[in-house]
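Below is input_39.cif, holding mmCIF, C-alpha atoms.
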data_work
#
loop_
_atom_site.label_atom_id
_atom_site.label_comp_id
_atom_site.auth_asym_id
_atom_site.auth_seq_id
_atom_site.Cartn_x
_atom_site.Cartn_y
_atom_site.Cartn_z
CA MET A 11 -142.45 -76.11 122.47
CA ARG A 12 -139.92 -73.68 123.90
CA LYS A 13 -141.88 -70.74 122.47
CA GLU A 14 -145.10 -71.98 124.09
CA LYS A 15 -143.31 -72.23 127.44
CA LEU A 16 -142.00 -68.69 127.06
CA ILE A 17 -145.46 -67.38 126.24
CA SER A 18 -146.98 -69.22 129.19
CA ARG A 19 -144.31 -67.88 131.51
CA ARG A 20 -144.84 -64.35 130.22
CA LEU A 21 -148.60 -64.54 130.82
CA PHE A 22 -147.98 -65.98 134.29
CA LEU A 23 -145.66 -63.13 135.18
CA GLN A 24 -148.17 -60.59 133.89
CA GLY A 25 -150.84 -62.19 136.05
CA ALA A 26 -148.55 -62.25 139.07
CA GLY A 27 -147.73 -58.59 138.52
CA LEU A 28 -151.40 -57.63 138.36
CA ALA A 29 -152.17 -59.57 141.53
CA ALA A 30 -149.33 -57.89 143.38
CA LEU A 31 -150.54 -54.47 142.33
CA CYS A 32 -154.11 -55.21 143.39
CA LEU A 33 -152.94 -56.44 146.78
CA SER A 34 -150.91 -53.28 147.27
CA GLY A 35 -154.15 -51.27 147.57
CA CYS A 36 -152.70 -48.29 145.70
CA ALA A 37 -155.57 -46.35 144.12
CA SER A 38 -153.33 -44.63 141.59
CA ILE A 39 -151.94 -47.84 140.21
CA ILE A 40 -154.28 -48.14 137.18
CA SER A 41 -151.70 -46.82 134.71
CA ASP A 42 -149.16 -49.32 135.99
CA ILE A 43 -151.64 -52.15 135.58
CA GLN A 44 -152.39 -51.05 132.02
CA SER A 45 -148.69 -51.06 131.22
CA LEU A 46 -148.57 -54.78 132.05
CA LEU A 47 -151.52 -55.76 129.88
CA PRO A 48 -150.81 -57.72 126.68
CA GLY A 49 -150.64 -55.45 123.65
CA LYS A 50 -149.78 -52.34 125.69
CA LYS A 51 -146.81 -50.62 124.04
CA PRO A 52 -144.47 -48.10 125.65
CA ASP A 53 -144.38 -44.47 124.57
CA ILE A 54 -142.31 -44.11 121.42
CA GLN A 55 -140.55 -40.88 120.51
CA GLU A 56 -141.21 -39.69 116.97
CA THR A 57 -137.71 -38.54 116.04
CA PRO A 58 -134.95 -41.15 116.55
CA ASP A 59 -131.67 -40.27 118.20
CA ILE A 60 -129.79 -42.32 115.59
CA THR A 61 -130.63 -44.08 112.34
CA LEU A 62 -128.65 -47.18 111.42
CA ARG A 63 -128.42 -48.60 107.89
CA LEU A 64 -128.59 -52.29 107.03
CA ALA A 65 -127.45 -53.42 103.57
CA MET A 66 -128.22 -56.67 101.78
CA THR A 67 -127.99 -57.91 98.21
CA PHE A 68 -131.40 -59.63 98.33
CA SER A 69 -134.25 -57.85 96.54
CA GLY A 70 -136.70 -55.68 98.38
CA ASP A 71 -139.54 -58.18 97.88
CA SER A 72 -137.55 -61.16 99.19
CA MET A 73 -138.15 -63.05 102.43
CA TYR A 74 -134.85 -61.59 103.68
CA ALA A 75 -135.99 -58.01 103.17
CA GLY A 76 -139.29 -58.97 104.78
CA GLY A 77 -137.45 -60.16 107.87
CA ALA A 78 -135.42 -56.96 107.88
CA GLU A 79 -138.57 -54.82 107.70
CA GLU A 80 -139.96 -56.68 110.71
CA MET A 81 -136.62 -56.07 112.38
CA ALA A 82 -136.91 -52.33 111.75
CA GLU A 83 -140.36 -52.26 113.36
CA LYS A 84 -139.07 -54.16 116.38
CA VAL A 85 -136.06 -51.84 116.69
CA ARG A 86 -138.37 -48.84 116.83
CA GLU A 87 -140.66 -50.52 119.36
CA TYR A 88 -138.04 -52.00 121.69
CA THR A 89 -135.83 -48.89 121.75
CA ARG A 90 -138.94 -46.70 122.18
CA GLY A 91 -138.17 -44.81 119.00
CA ARG A 92 -134.64 -43.86 119.98
CA VAL A 93 -133.18 -45.98 117.16
CA ALA A 94 -134.39 -46.32 113.56
CA LEU A 95 -133.27 -48.94 111.07
CA GLU A 96 -133.09 -48.17 107.35
CA ILE A 97 -133.04 -51.16 104.98
CA LEU A 98 -130.87 -50.93 101.85
CA ALA A 99 -131.99 -53.98 99.84
CA GLY A 100 -131.26 -55.18 96.33
CA GLY A 101 -127.56 -54.40 96.47
CA THR A 102 -128.20 -50.65 96.47
CA PHE A 103 -125.14 -50.20 98.67
CA GLY A 104 -123.01 -52.60 96.60
CA THR A 105 -121.85 -56.19 96.75
CA GLU A 106 -121.61 -58.24 99.94
CA GLU A 107 -117.86 -57.68 99.91
CA GLU A 108 -118.27 -53.90 99.59
CA ALA A 109 -120.91 -53.82 102.32
CA LEU A 110 -118.76 -55.82 104.75
CA GLU A 111 -115.74 -53.59 104.16
CA ALA A 112 -117.96 -50.57 104.81
CA VAL A 113 -119.21 -52.13 108.06
CA LYS A 114 -115.66 -52.87 109.15
CA SER A 115 -114.67 -49.25 108.49
CA GLY A 116 -117.79 -47.83 110.15
CA GLU A 117 -119.13 -46.28 106.95
CA LEU A 118 -122.10 -48.70 107.11
CA ASP A 119 -123.81 -50.01 110.25
CA LEU A 120 -125.00 -53.53 109.40
CA CYS A 121 -124.90 -56.03 106.56
CA VAL A 122 -125.91 -59.60 105.77
CA ILE A 123 -123.19 -61.96 104.50
CA GLY A 124 -122.93 -65.64 103.68
CA GLY A 125 -121.36 -68.34 101.57
CA LYS A 126 -117.85 -67.81 100.28
CA LEU A 127 -117.43 -64.39 101.92
CA LEU A 128 -118.29 -65.80 105.34
CA GLU A 129 -115.60 -68.46 104.97
CA GLU A 130 -113.00 -66.01 103.68
CA GLU A 131 -113.58 -63.60 106.54
CA PHE A 132 -114.01 -66.23 109.27
CA PRO A 133 -112.14 -69.40 108.19
CA ASP A 134 -113.37 -71.49 111.13
CA THR A 135 -116.90 -71.31 109.71
CA LYS A 136 -115.77 -73.75 107.00
CA VAL A 137 -116.92 -76.38 109.46
CA PHE A 138 -120.47 -75.66 108.25
CA GLN A 139 -119.49 -77.16 104.89
CA ARG A 140 -119.22 -80.61 106.44
CA PRO A 141 -122.13 -82.50 104.81
CA PHE A 142 -125.12 -83.82 106.73
CA LEU A 143 -124.13 -81.66 109.69
CA PHE A 144 -127.66 -80.92 110.91
CA ASP A 145 -130.81 -83.00 110.89
CA SER A 146 -133.20 -80.04 111.13
CA ALA A 147 -133.33 -76.25 111.15
CA ASP A 148 -134.21 -76.37 114.85
CA GLU A 149 -131.01 -78.28 115.55
CA ALA A 150 -128.98 -75.79 113.51
CA ASN A 151 -130.49 -72.85 115.36
CA TYR A 152 -129.94 -74.53 118.72
CA ALA A 153 -126.23 -74.81 117.91
CA MET A 154 -126.05 -71.14 116.98
CA GLU A 155 -127.83 -70.21 120.21
CA HIS A 156 -125.30 -72.15 122.30
CA ARG A 157 -121.63 -73.11 122.16
CA THR A 158 -121.24 -72.96 118.38
CA GLY A 159 -122.79 -69.51 118.26
CA GLN A 160 -120.49 -68.36 121.06
CA LEU A 161 -117.49 -69.32 118.94
CA MET A 162 -118.86 -67.40 115.97
CA SER A 163 -119.56 -64.37 118.16
CA ALA A 164 -115.95 -64.48 119.38
CA CYS A 165 -114.72 -64.50 115.76
CA PHE A 166 -116.77 -61.40 115.05
CA LEU A 167 -115.52 -59.59 118.14
CA GLU A 168 -111.92 -60.20 117.08
CA LYS A 169 -112.64 -57.97 114.08
CA ASN A 170 -114.56 -55.37 116.10
CA LEU A 171 -117.87 -56.69 114.80
CA THR A 172 -120.93 -58.00 116.61
CA LEU A 173 -122.98 -60.99 115.52
CA ALA A 174 -126.44 -59.40 115.69
CA GLY A 175 -128.35 -62.48 114.52
CA TRP A 176 -128.46 -64.71 111.48
CA MET A 177 -130.80 -65.24 108.58
CA GLU A 178 -130.90 -68.55 106.73
CA THR A 179 -131.02 -70.01 103.23
CA GLY A 180 -132.08 -73.39 104.60
CA PHE A 181 -131.07 -76.86 103.42
CA SER A 182 -129.61 -77.68 100.03
CA GLN A 183 -131.15 -80.62 98.14
CA ILE A 184 -130.16 -82.61 95.06
CA ILE A 185 -132.05 -81.52 91.95
CA SER A 186 -131.61 -83.73 88.90
CA MET A 187 -132.82 -84.76 85.47
CA GLU A 188 -132.73 -88.43 86.46
CA GLU A 189 -133.47 -89.81 89.91
CA VAL A 190 -130.60 -89.51 92.41
CA THR A 191 -131.07 -91.19 95.79
CA THR A 192 -127.65 -92.80 96.39
CA ALA A 193 -123.98 -91.96 96.01
CA GLN A 194 -123.79 -94.53 93.20
CA ASN A 195 -126.27 -92.43 91.20
CA LEU A 196 -123.74 -89.58 91.21
CA VAL A 197 -120.83 -91.43 89.64
CA GLY A 198 -119.77 -89.73 86.42
CA ARG A 199 -122.36 -86.94 86.72
CA SER A 200 -121.61 -83.25 86.18
CA VAL A 201 -123.02 -81.22 89.07
CA GLY A 202 -123.86 -77.53 89.28
CA ALA A 203 -122.43 -76.83 92.74
CA LEU A 204 -122.79 -73.63 94.73
CA THR A 205 -119.70 -71.45 94.70
CA LEU A 206 -117.74 -72.72 97.69
CA PRO A 207 -114.38 -74.55 97.47
CA GLU A 208 -115.53 -77.35 99.79
CA ARG A 209 -118.46 -78.18 97.50
CA GLU A 210 -116.08 -79.35 94.77
CA THR A 211 -114.52 -81.74 97.28
CA PHE A 212 -117.93 -83.01 98.37
CA TRP A 213 -118.99 -84.03 94.88
CA ALA A 214 -115.54 -85.34 93.95
CA ALA A 215 -115.78 -87.75 96.89
CA PHE A 216 -118.54 -89.53 94.96
CA ASN A 217 -116.75 -89.47 91.59
CA ALA A 218 -118.88 -86.63 90.29
CA GLN A 219 -117.52 -83.51 88.61
CA ALA A 220 -118.50 -80.25 90.25
CA LEU A 221 -118.90 -77.10 88.21
CA THR A 222 -119.25 -74.22 90.66
CA MET A 223 -121.84 -71.68 89.60
CA SER A 224 -124.44 -69.34 90.97
CA ALA A 225 -128.07 -70.36 91.35
CA ALA A 226 -128.95 -68.10 88.43
CA GLU A 227 -126.57 -70.02 86.13
CA GLN A 228 -127.91 -73.49 86.94
CA LYS A 229 -130.98 -73.37 84.69
CA GLN A 230 -128.98 -72.53 81.59
CA ALA A 231 -126.34 -75.15 82.44
CA LEU A 232 -129.08 -77.79 82.76
CA ARG A 233 -130.65 -76.70 79.47
CA GLN A 234 -127.31 -76.82 77.67
CA GLY A 235 -126.53 -80.26 79.05
CA ARG A 236 -123.36 -79.09 80.80
CA ILE A 237 -124.78 -80.53 84.04
CA SER A 238 -127.46 -83.08 84.83
CA VAL A 239 -127.51 -82.49 88.59
CA CYS A 240 -127.39 -79.38 90.75
CA GLU A 241 -127.74 -78.53 94.41
CA ASN A 242 -130.12 -75.91 95.71
CA THR A 243 -133.18 -75.35 97.85
CA ALA A 244 -136.73 -76.25 96.90
CA SER A 245 -137.67 -72.56 96.93
CA VAL A 246 -134.90 -71.69 94.46
CA MET A 247 -135.93 -74.62 92.26
CA TRP A 248 -139.35 -73.00 92.00
CA ALA A 249 -138.28 -69.36 91.83
CA ASN A 250 -135.57 -69.95 89.18
CA PHE A 251 -137.73 -72.32 87.08
CA LEU A 252 -135.23 -75.18 87.43
CA TYR A 253 -138.16 -77.59 87.27
CA GLY A 254 -138.43 -76.82 83.56
CA GLU A 255 -135.14 -78.66 83.03
CA ALA A 256 -134.94 -81.08 85.97
CA GLN A 257 -137.97 -82.92 87.31
CA ASN A 258 -136.49 -84.64 90.37
CA LEU A 259 -135.70 -83.39 93.85
CA CYS A 260 -134.19 -85.64 96.51
CA TRP A 261 -134.50 -84.49 100.11
CA THR A 262 -130.86 -84.83 101.19
CA ASN A 263 -130.47 -81.80 103.49
CA HIS A 264 -126.75 -82.12 102.83
CA PHE A 265 -125.82 -78.48 103.65
CA PHE A 266 -127.44 -75.75 105.74
CA GLY A 267 -126.83 -72.08 105.00
CA PHE A 268 -126.39 -69.36 107.62
CA LEU A 269 -126.39 -65.63 106.74
CA PRO A 270 -124.89 -63.72 109.70
CA LEU A 271 -125.96 -60.16 110.43
CA CYS A 272 -122.84 -58.06 111.09
CA LEU A 273 -123.01 -54.97 113.33
CA SER A 274 -120.14 -52.49 113.11
CA GLY A 275 -118.07 -51.52 116.13
CA SER A 276 -118.96 -47.85 115.71
CA ALA A 277 -122.69 -48.61 115.54
CA ARG A 278 -122.41 -50.73 118.68
CA ASN A 279 -120.67 -47.84 120.46
CA SER A 280 -123.42 -45.45 119.38
CA LEU A 281 -126.07 -47.77 120.77
CA GLU A 282 -124.21 -48.18 124.06
CA ASN A 283 -123.86 -44.41 124.37
CA LEU A 284 -127.65 -44.07 124.33
CA GLY A 285 -127.90 -45.99 127.61
CA GLU A 286 -127.23 -49.45 128.96
CA ASP A 287 -130.67 -50.74 127.98
CA VAL A 288 -130.56 -49.69 124.30
CA LEU A 289 -128.05 -52.21 122.91
CA PRO A 290 -129.83 -55.25 124.46
CA ALA A 291 -133.15 -53.92 123.13
CA PHE A 292 -131.65 -53.47 119.68
CA LEU A 293 -130.14 -56.98 119.64
CA ARG A 294 -133.44 -58.45 120.79
CA ALA A 295 -135.09 -56.74 117.80
CA THR A 296 -132.49 -57.96 115.30
CA LYS A 297 -132.81 -61.51 116.62
CA GLU A 298 -136.60 -61.45 116.30
CA GLY A 299 -136.38 -59.99 112.80
CA CYS A 300 -134.12 -62.87 111.81
CA GLU A 301 -136.58 -65.34 113.33
CA THR A 302 -139.30 -63.79 111.17
CA GLN A 303 -137.18 -64.53 108.10
CA TRP A 304 -136.87 -68.17 109.27
CA ARG A 305 -140.67 -68.42 109.36
CA TYR A 306 -140.92 -66.84 105.91
CA LEU A 307 -138.43 -69.44 104.66
CA GLU A 308 -140.61 -72.26 105.99
CA GLN A 309 -143.69 -70.75 104.32
CA VAL A 310 -141.91 -70.16 101.01
CA THR A 311 -140.53 -73.71 101.04
CA ASP A 312 -143.96 -75.21 101.69
CA THR A 313 -145.53 -73.13 98.92
CA SER A 314 -142.71 -73.99 96.52
CA VAL A 315 -143.11 -77.72 97.15
CA THR A 316 -146.83 -77.48 96.42
CA ARG A 317 -146.19 -75.58 93.18
CA LEU A 318 -143.42 -77.97 92.11
CA LYS A 319 -145.67 -80.98 92.64
CA GLU A 320 -148.35 -79.28 90.55
CA ASN A 321 -145.74 -78.93 87.80
CA GLY A 322 -144.78 -82.60 87.79
CA VAL A 323 -141.69 -82.61 89.99
CA TYR A 324 -141.04 -85.99 91.57
CA PHE A 325 -139.81 -85.93 95.17
CA GLN A 326 -137.60 -88.61 96.70
CA THR A 327 -136.13 -88.95 100.18
CA MET A 328 -132.60 -90.16 100.80
CA ALA A 329 -132.46 -92.89 103.43
CA GLN A 330 -130.62 -92.10 106.67
CA GLU A 331 -128.42 -95.15 106.14
CA GLU A 332 -127.33 -93.80 102.74
CA LYS A 333 -126.57 -90.39 104.24
CA ALA A 334 -124.39 -92.09 106.84
CA ARG A 335 -122.53 -94.02 104.13
CA MET A 336 -122.04 -90.84 102.08
CA LEU A 337 -120.70 -88.97 105.10
CA GLU A 338 -118.26 -91.76 105.85
CA GLN A 339 -117.11 -91.83 102.22
CA TYR A 340 -116.75 -88.05 102.16
CA LEU A 341 -114.69 -87.98 105.37
CA ARG A 342 -112.31 -90.63 104.07
CA TYR A 343 -111.79 -88.52 100.97
CA ALA A 344 -111.77 -85.00 102.45
CA GLU A 345 -109.72 -85.59 105.57
CA ASP A 346 -106.63 -86.50 103.59
CA PRO A 347 -104.12 -83.93 105.00
CA ALA A 348 -103.03 -83.14 101.45
CA ARG A 349 -106.42 -81.53 100.79
CA GLY A 350 -106.08 -79.04 103.64
CA LEU A 351 -109.73 -79.28 104.61
CA THR A 352 -109.41 -80.33 108.24
CA PRO A 353 -111.88 -78.18 110.23
CA SER A 354 -111.26 -76.66 113.65
CA GLU A 355 -111.33 -79.29 116.38
CA GLU A 356 -112.73 -76.71 118.79
CA TRP A 357 -115.67 -76.01 116.47
CA LEU A 358 -116.26 -79.70 115.81
CA LYS A 359 -116.35 -80.34 119.56
CA ALA A 360 -118.77 -77.46 120.10
CA LEU A 361 -121.06 -78.72 117.34
CA ALA A 362 -120.99 -82.24 118.76
CA GLU A 363 -121.88 -80.93 122.23
CA ASP A 364 -124.71 -78.80 120.87
CA LYS A 365 -126.12 -81.64 118.77
CA GLU A 366 -126.00 -84.00 121.74
CA ALA A 367 -127.69 -81.43 123.98
CA PHE A 368 -130.39 -80.80 121.37
CA GLY A 369 -131.02 -84.52 121.12
CA ARG A 370 -131.79 -84.63 124.85
CA LEU A 371 -134.50 -81.97 124.63
#

As structure tokens, the full file:
Amino acid sequence: MRKEKLISRRLFLQGAGLAALCLSGCASIISDIQSLLPGKKPDIQETPDITLRLAMTFSGDSMYAGGAEEMAEKVREYTRGRVALEILAGGTFGTEEEALEAVKSGELDLCVIGGKLLEEEFPDTKVFQRPFLFDSADEANYAMEHRTGQLMSACFLEKNLTLAGWMETGFSQIISMEEVTTAQNLVGRSVGALTLPERETFWAAFNAQALTMSAAEQKQALRQGRISVCENTASVMWANFLYGEAQNLCWTNHFFGFLPLCLSGSARNSLENLGEDVLPAFLRATKEGCETQWRYLEQVTDTSVTRLKENGVYFQTMAQEEKARMLEQYLRYAEDPARGLTPSEEWLKALAEDKEAFGRL
């Protein structure tokens, strides 16, 4: 809805601009009118003034690299060719940790981080590990575009970094050999949890044993019987062939994954030195490239669900009342001061304000 309003407003402004030019009576105004027409692109210089490098561990044929490629095209267009963006996918630069250290030192210009590294570098972001935090991706993005995102941006600036956008892994779901739709179904189960300290606490709150492991390890753990439940996205269930071992997926949406795009201080300075309009143009491009990845994620999820159904996967939905009970049970367990998991009150307040504001839209 917001996008439709923006498009309508843009077309209105274009129309208003054309009318104003026609009323001016200037005979030589044709080129100006053409510059306002939809699809008209500004002149783009062939040789960029600077080339920035963006590193990620995702493969070159992933939705994340696809979003980055769109980002590179937008960077060229919006900066009129003054800035180029080179994508280093598939871990060609190194691990996430190595890439972030290189960005912090200025050796590398941008990188994508997430999960455990995000928490280690910016401890306040542990608040995102509170379960059932968001009801939808739109709500999560709204928070990052408002007060919550401002707090994250401030954390980045403290380390001479700029939050240039965020990609997403989407919502985690419960994947299991036997149906799991309630907390009671988890009692005594061994769960393949994603590698974050707070995930162990989450599953322990329901008397389940968490074994932290990567997504790539979950299939073998299911096959070996070391776990009977794991958490992951529907797209990973399809891509990693988890459906060959576990035939149930419950739509819990219990965690949502952000992947911030980090811009180095030196790269930001280089962009600012090109002129006051270059950095905003660059950040507009990075934001739109991230939004492209969000759309790819939606498409991949939809396709994965179709393929999983074709392969006999049974889908369940966890009732909102059960989610509320699980959250209450988790909070009683996790907020024991002895566990040291109390999140930032400032961030909790910001999230609450953003969620309330989103609910009024």

What are the closest atom pairs, with distances in Å to one decimal, for each residue of stretch 129-196 of chain A lying within 12 Å of stretch 77-81 of chain A, using only C-alpha atoms, rows by chain and rising residue number, as JSON lines?
{"residue": "A:Ala174", "atom": "CA", "partner": "A:Met81", "partner_atom": "CA", "distance": 11.2}
{"residue": "A:Gly175", "atom": "CA", "partner": "A:Met81", "partner_atom": "CA", "distance": 10.7}
{"residue": "A:Trp176", "atom": "CA", "partner": "A:Gly77", "partner_atom": "CA", "distance": 10.7}
{"residue": "A:Met177", "atom": "CA", "partner": "A:Gly77", "partner_atom": "CA", "distance": 8.4}
{"residue": "A:Glu178", "atom": "CA", "partner": "A:Gly77", "partner_atom": "CA", "distance": 10.7}

Mind telling me what the PyMOL selection byres ((chain A and resi 286-294) around 7) catches here, as a short mmCIF file (atom, residue, chain, number, x, y, z; two decimals) with C-alpha atoms, in the frame of the given file?
data_model
loop_
_atom_site.label_atom_id
_atom_site.label_comp_id
_atom_site.auth_asym_id
_atom_site.auth_seq_id
_atom_site.Cartn_x
_atom_site.Cartn_y
_atom_site.Cartn_z
CA VAL A 85 -136.06 -51.84 116.69
CA TYR A 88 -138.04 -52.00 121.69
CA THR A 89 -135.83 -48.89 121.75
CA ALA A 174 -126.44 -59.40 115.69
CA LEU A 281 -126.07 -47.77 120.77
CA GLU A 282 -124.21 -48.18 124.06
CA LEU A 284 -127.65 -44.07 124.33
CA GLY A 285 -127.90 -45.99 127.61
CA ALA A 295 -135.09 -56.74 117.80
CA THR A 296 -132.49 -57.96 115.30
CA LYS A 297 -132.81 -61.51 116.62
CA GLU A 298 -136.60 -61.45 116.30
#

Would you list the residues near (-121.8, -78.4, 101.0), meaning any protein, DNA or RNA residue with an atom at most 6 Å from that point in file coordinates, counting only C-alpha atoms, as a ChimeraX atom specification? /A:139,141,209,265

Would you mind telling me which residue in A:Ala231, A:Leu204, A:Met328, A:Cys121 lies nearest to A:Ala75 when using all atoms listed in the file? A:Cys121

For A:Gln339, work out the shell of residues within 12 Å, counting only C-alpha atoms and skipping chain neighbours fewer than 5 positions away, then give it as a ChimeraX atom specification. /A:141,193-194,211-217,332-334,344-346

Can you spit out the residues from that selection as a PDB file, in the coordinates of the input, using C-alpha atoms?
ATOM      1  CA  PRO A 141    -122.130 -82.500 104.810  1.00  0.00           C
ATOM      2  CA  ALA A 193    -123.980 -91.960  96.010  1.00  0.00           C
ATOM      3  CA  GLN A 194    -123.790 -94.530  93.200  1.00  0.00           C
ATOM      4  CA  THR A 211    -114.520 -81.740  97.280  1.00  0.00           C
ATOM      5  CA  PHE A 212    -117.930 -83.010  98.370  1.00  0.00           C
ATOM      6  CA  TRP A 213    -118.990 -84.030  94.880  1.00  0.00           C
ATOM      7  CA  ALA A 214    -115.540 -85.340  93.950  1.00  0.00           C
ATOM      8  CA  ALA A 215    -115.780 -87.750  96.890  1.00  0.00           C
ATOM      9  CA  PHE A 216    -118.540 -89.530  94.960  1.00  0.00           C
ATOM     10  CA  ASN A 217    -116.750 -89.470  91.590  1.00  0.00           C
ATOM     11  CA  GLU A 332    -127.330 -93.800 102.740  1.00  0.00           C
ATOM     12  CA  LYS A 333    -126.570 -90.390 104.240  1.00  0.00           C
ATOM     13  CA  ALA A 334    -124.390 -92.090 106.840  1.00  0.00           C
ATOM     14  CA  ALA A 344    -111.770 -85.000 102.450  1.00  0.00           C
ATOM     15  CA  GLU A 345    -109.720 -85.590 105.570  1.00  0.00           C
ATOM     16  CA  ASP A 346    -106.630 -86.500 103.590  1.00  0.00           C
TER      17      ASP A 346
END
